[in-house]
Amino acid sequence: MHLVLGLPGFLVGPALPPLPGLARLLRAGGTPVVTAAAALPQALAERYGVVRDGDWPLAALRLRAFGHDPGSDWWLAADPVTLVAGRDDVRVTGPVTDLTAAEAAALVARLNAHFAADGLRFVAATPRHWFVGSRRPYAISTQPLAAAVDRPLRELLPQGPDRALWRRWQNEIEMLLHDHPVNRERESLARGVANGLWFGDGGTLPAPTRPLPGRMTFADDDAVRALALHAGEAHAAAVASLDAAQRAAATATELVAVVAADADPATVEQAWTGPAWRALGAGTLTRVTLLADGGGRTARWDIARPGLLARIRSHLFPPDLAALLAPLRQDD
């Protein structure tokens with residue numbers, strides 16, 4: 001059985017505690033493959049038959065997974081965010097995740113009224129997951145939202161031949177949302193305002209792909225689940241441990257599991273990376289692929305079953321996790 005394990009956020013933040021199982025896996029995996037402008041869903045997309053065409057076309061897949069028909073239109077994710085203007089730049093402080101359905105509907109209605117003449121249609125699939133569609137495609141490429149948080153935005157805005165138009169529209173959106181009654185009310189209550197949108201993952205719905213027999217996906221991330229749905233493969237909510245995943249998919253040949261974004265690293269070690277190292281040694285796992293993201297980058301390690309001498313050496317001389325991750329991590 002092949003385990004593909006996603007570790008969101010492991011490349012950012014404060015130093016990790018000692019995690020011996022993870023450290024042994026990383027040393028056995030050698031030099032990782034690092035992909036810029038990608039979070040875990042983008043890094044997993046090709047495993048499910050979805051390829052990049054200027055941008056990763058995940059927005060249309062996610063919209064369909066939320067129960068909306070994307071048709072043949074071109075779609076972008078349009079996440080509501082809080083923007084703060086500094087002396088020399090504008091920064092995203094983070095996504096706005098606590099909008100009510102009524103607040104989202106009111107904000108989206110304002111956007112649709114303004115941009116109808118431009119052929120844009122905004123949809124709040126959930127109060128925190130918004131999308132914008134167009135009958136015509138646009139040639140832009142985007143950065144994941146995680147790459148933009150607390151960083152100057154100038155170099156992170158849409159790129160490509162149509163970038164000027166989308167940057168102008170982003171400015172118009174900021175003005176439309178800034179003075180909206182919803183945001184004035186939220187500001188008066190000291191709640192985060194949705195005064196901007198972060199665009200990402202543009203494209204039309206990809207062609208159907210052939211499922212990989214024997215693969216089971218466990219994730220709460222809506223984009224990862226949308227990929228599995230697109231591939232016509234079995235998928236379920238995230239589970240607590242490798243043991244639980246193996247019991248739930250006993251006949252699977254490949255398990256894709258993405259742990260929660262706020263998971264405690266020590267718990268991940270106890271439930272996933274430690275057992276994965278031991279399962280490799282015992283032969284119940286034949287291969288492990290680790291994916292860690294953060295700051296708009298993803299690192300991938302492909303780990304085959306280590307030989308007996310390598311396992312003995314790893315036991316006698318435990319690797320230093322901090323040293324292994326130092327070239328990759330970004331501290332807060």
# chains A, B, ... in the order shown; residues from 1 in each chain; ligands from 1
$ residues_around --residues "Gln246 (chain A)" --least-positions-apart "3" --cutoff "12 Å" --atoms "only C-alpha atoms" --output "PDB file with N, CA and C atoms, in the first residue's frame"
ATOM      1  N   MET A   1       0.844  -1.198   0.000  1.00  0.00           N
ATOM      2  CA  MET A   1       0.000   0.000   0.000  1.00  0.00           C
ATOM      3  C   MET A   1       0.877   1.245   0.000  1.00  0.00           C
ATOM      4  N   HIS A   2       0.477   2.209  -0.811  1.00  0.00           N
ATOM      5  CA  HIS A   2       1.198   3.474  -0.933  1.00  0.00           C
ATOM      6  C   HIS A   2       0.421   4.541  -0.146  1.00  0.00           C
ATOM      7  N   LEU A   3       1.097   5.233   0.767  1.00  0.00           N
ATOM      8  CA  LEU A   3       0.495   6.317   1.527  1.00  0.00           C
ATOM      9  C   LEU A   3       0.977   7.645   0.976  1.00  0.00           C
ATOM     10  N   ARG A 215      -7.644   3.516  -5.090  1.00  0.00           N
ATOM     11  CA  ARG A 215      -7.223   4.702  -4.332  1.00  0.00           C
ATOM     12  C   ARG A 215      -8.395   5.207  -3.488  1.00  0.00           C
ATOM     13  N   MET A 216      -8.088   5.592  -2.246  1.00  0.00           N
ATOM     14  CA  MET A 216      -9.064   6.150  -1.329  1.00  0.00           C
ATOM     15  C   MET A 216      -8.500   7.434  -0.756  1.00  0.00           C
ATOM     16  N   THR A 217      -9.307   8.498  -0.759  1.00  0.00           N
ATOM     17  CA  THR A 217      -8.873   9.807  -0.288  1.00  0.00           C
ATOM     18  C   THR A 217      -9.607  10.175   0.993  1.00  0.00           C
ATOM     19  N   PHE A 218      -8.851  10.615   1.988  1.00  0.00           N
ATOM     20  CA  PHE A 218      -9.407  11.091   3.251  1.00  0.00           C
ATOM     21  C   PHE A 218      -8.962  12.540   3.440  1.00  0.00           C
ATOM     22  N   VAL A 239      -9.666  11.225   8.638  1.00  0.00           N
ATOM     23  CA  VAL A 239      -9.714  10.298   9.769  1.00  0.00           C
ATOM     24  C   VAL A 239      -8.558  10.622  10.710  1.00  0.00           C
ATOM     25  N   ALA A 240      -8.604  10.036  11.905  1.00  0.00           N
ATOM     26  CA  ALA A 240      -7.707  10.458  12.974  1.00  0.00           C
ATOM     27  C   ALA A 240      -6.307   9.879  12.883  1.00  0.00           C
ATOM     28  N   SER A 241      -6.135   8.770  12.146  1.00  0.00           N
ATOM     29  CA  SER A 241      -4.836   8.109  12.199  1.00  0.00           C
ATOM     30  C   SER A 241      -4.634   7.222  10.982  1.00  0.00           C
ATOM     31  N   LEU A 242      -3.389   6.809  10.776  1.00  0.00           N
ATOM     32  CA  LEU A 242      -3.072   5.858   9.717  1.00  0.00           C
ATOM     33  C   LEU A 242      -3.801   4.550   9.944  1.00  0.00           C
ATOM     34  N   ASP A 243      -3.857   4.102  11.181  1.00  0.00           N
ATOM     35  CA  ASP A 243      -4.550   2.856  11.486  1.00  0.00           C
ATOM     36  C   ASP A 243      -6.021   2.941  11.099  1.00  0.00           C
ATOM     37  N   ALA A 249     -10.168   1.447   4.635  1.00  0.00           N
ATOM     38  CA  ALA A 249      -9.927   1.130   3.219  1.00  0.00           C
ATOM     39  C   ALA A 249      -8.965  -0.050   3.144  1.00  0.00           C
ATOM     40  N   ALA A 250      -9.404  -1.165   3.686  1.00  0.00           N
ATOM     41  CA  ALA A 250      -8.523  -2.322   3.847  1.00  0.00           C
ATOM     42  C   ALA A 250      -8.014  -2.871   2.526  1.00  0.00           C
ATOM     43  N   THR A 251      -8.798  -2.717   1.454  1.00  0.00           N
ATOM     44  CA  THR A 251      -8.392  -3.280   0.166  1.00  0.00           C
ATOM     45  C   THR A 251      -7.730  -2.253  -0.744  1.00  0.00           C
ATOM     46  N   ALA A 252      -7.545  -1.033  -0.259  1.00  0.00           N
ATOM     47  CA  ALA A 252      -6.964   0.015  -1.092  1.00  0.00           C
ATOM     48  C   ALA A 252      -5.495  -0.272  -1.381  1.00  0.00           C
ATOM     49  N   THR A 253      -5.043   0.186  -2.536  1.00  0.00           N
ATOM     50  CA  THR A 253      -3.626   0.107  -2.882  1.00  0.00           C
ATOM     51  C   THR A 253      -2.924   1.448  -2.684  1.00  0.00           C
ATOM     52  N   GLU A 254      -3.721   2.527  -2.611  1.00  0.00           N
ATOM     53  CA  GLU A 254      -3.154   3.848  -2.348  1.00  0.00           C
ATOM     54  C   GLU A 254      -4.098   4.616  -1.443  1.00  0.00           C
ATOM     55  N   LEU A 255      -3.541   5.204  -0.373  1.00  0.00           N
ATOM     56  CA  LEU A 255      -4.287   6.061   0.531  1.00  0.00           C
ATOM     57  C   LEU A 255      -3.756   7.479   0.388  1.00  0.00           C
ATOM     58  N   VAL A 256      -4.648   8.428   0.132  1.00  0.00           N
ATOM     59  CA  VAL A 256      -4.306   9.847   0.165  1.00  0.00           C
ATOM     60  C   VAL A 256      -4.974  10.426   1.399  1.00  0.00           C
ATOM     61  N   ALA A 257      -4.192  10.966   2.303  1.00  0.00           N
ATOM     62  CA  ALA A 257      -4.729  11.510   3.549  1.00  0.00           C
ATOM     63  C   ALA A 257      -4.125  12.883   3.786  1.00  0.00           C
ATOM     64  N   TRP A 272       0.327   9.531  12.610  1.00  0.00           N
ATOM     65  CA  TRP A 272       0.605   9.362  11.190  1.00  0.00           C
ATOM     66  C   TRP A 272       2.068   9.095  10.866  1.00  0.00           C
ATOM     67  N   PRO A 275       3.754   6.043  12.894  1.00  0.00           N
ATOM     68  CA  PRO A 275       3.259   4.767  12.362  1.00  0.00           C
ATOM     69  C   PRO A 275       3.654   4.519  10.912  1.00  0.00           C
ATOM     70  N   ALA A 276       3.742   5.568  10.103  1.00  0.00           N
ATOM     71  CA  ALA A 276       4.127   5.374   8.700  1.00  0.00           C
ATOM     72  C   ALA A 276       5.552   4.855   8.597  1.00  0.00           C
ATOM     73  N   ALA A 279       5.452   1.249   9.666  1.00  0.00           N
ATOM     74  CA  ALA A 279       4.771   0.421   8.666  1.00  0.00           C
ATOM     75  C   ALA A 279       5.654   0.189   7.445  1.00  0.00           C
ATOM     76  N   THR A 284       4.060  -3.231   5.647  1.00  0.00           N
ATOM     77  CA  THR A 284       2.625  -3.017   5.422  1.00  0.00           C
ATOM     78  C   THR A 284       2.371  -1.782   4.571  1.00  0.00           C
ATOM     79  N   LEU A 285       3.344  -0.875   4.512  1.00  0.00           N
ATOM     80  CA  LEU A 285       3.374   0.182   3.506  1.00  0.00           C
ATOM     81  C   LEU A 285       4.567  -0.077   2.595  1.00  0.00           C
TER      82      LEU A 285
END
$ select_by_dssp --residues "region 94-207 of chain A" --states "helix (DSSP H, G or I)" --output "JSON, numbers by chain"
{"A": [101, 102, 103, 104, 105, 106, 107, 108, 109, 110, 111, 112, 113, 114, 115, 116, 117, 118, 145, 146, 147, 148, 154, 155, 156, 163, 164, 165, 166, 167, 168, 169, 170, 171, 172, 173, 174, 175, 176, 177, 178, 181, 182, 183, 184, 185, 186, 187, 188]}
$ residues_around --residues "Arg210 (chain A)" --least-positions-apart "6" --cutoff "9 Å" --atoms "only C-alpha atoms" --output "list in words"
Tyr48, Gly49, Ala231 and Gly232 of chain A
$ closest_residue --among "A:Gly294, A:Pro306, A:Pro17, A:Gly119" --to "Gly281 (chain A)" --atoms "only C-alpha atoms"
A:Pro306
$ closest_residue --among "A:Arg154, A:Arg168, A:Arg186, A:His180" --to "Leu99 (chain A)" --atoms "only C-alpha atoms"
A:Arg186
$ closest_residue --among "A:Leu309, A:Val90, A:Ala117, A:Val84" --to "Glu155 (chain A)" --atoms "only C-alpha atoms"
A:Val90
$ closest_residue --among "A:Gly9, A:Pro211, A:Pro32, A:Pro158" --to "Phe199 (chain A)" --atoms "only C-alpha atoms"
A:Pro158
$ select_by_dssp --residues "region 172-285 of chain A" --states "strand (DSSP E)" --output "ChimeraX atom specification"
/A:196-203,215-218,234-236,254-258
$ closest_residue --among "A:Pro95, A:Pro161, A:Pro265, A:Gly203" --to "Trp56 (chain A)" --atoms "only C-alpha atoms"
A:Gly203
$ residues_around --residues "Ala261 (chain A)" --least-positions-apart "2" --cutoff "10 Å" --atoms "only C-alpha atoms" --output "PyMOL selection string"
chain A and resi 6-10+220-221+258-259+263-264
$ write_last_selection --atoms "C-alpha atoms" --output "mmCIF file, in the first residue's frame"
data_model
loop_
_atom_site.group_PDB
_atom_site.id
_atom_site.type_symbol
_atom_site.label_atom_id
_atom_site.label_comp_id
_atom_site.auth_asym_id
_atom_site.auth_seq_id
_atom_site.Cartn_x
_atom_site.Cartn_y
_atom_site.Cartn_z
ATOM 1 C CA GLY A 6 -0.442 15.845 3.196
ATOM 2 C CA LEU A 7 0.892 18.046 6.009
ATOM 3 C CA PRO A 8 -0.583 21.531 5.577
ATOM 4 C CA GLY A 9 1.387 24.370 7.081
ATOM 5 C CA PHE A 10 4.470 22.362 8.044
ATOM 6 C CA ASP A 220 -11.647 17.744 4.837
ATOM 7 C CA ASP A 221 -10.061 20.201 2.398
ATOM 8 C CA VAL A 258 -4.547 15.223 4.337
ATOM 9 C CA VAL A 259 -4.414 16.074 8.024
ATOM 10 C CA ALA A 263 -3.465 19.678 13.633
ATOM 11 C CA ASP A 264 -0.973 19.566 16.475
#
$ atom_distance --atom1 "CA of Asp320 (chain A)" --atom2 "CA of Leu25 (chain A)"
11.4 Å
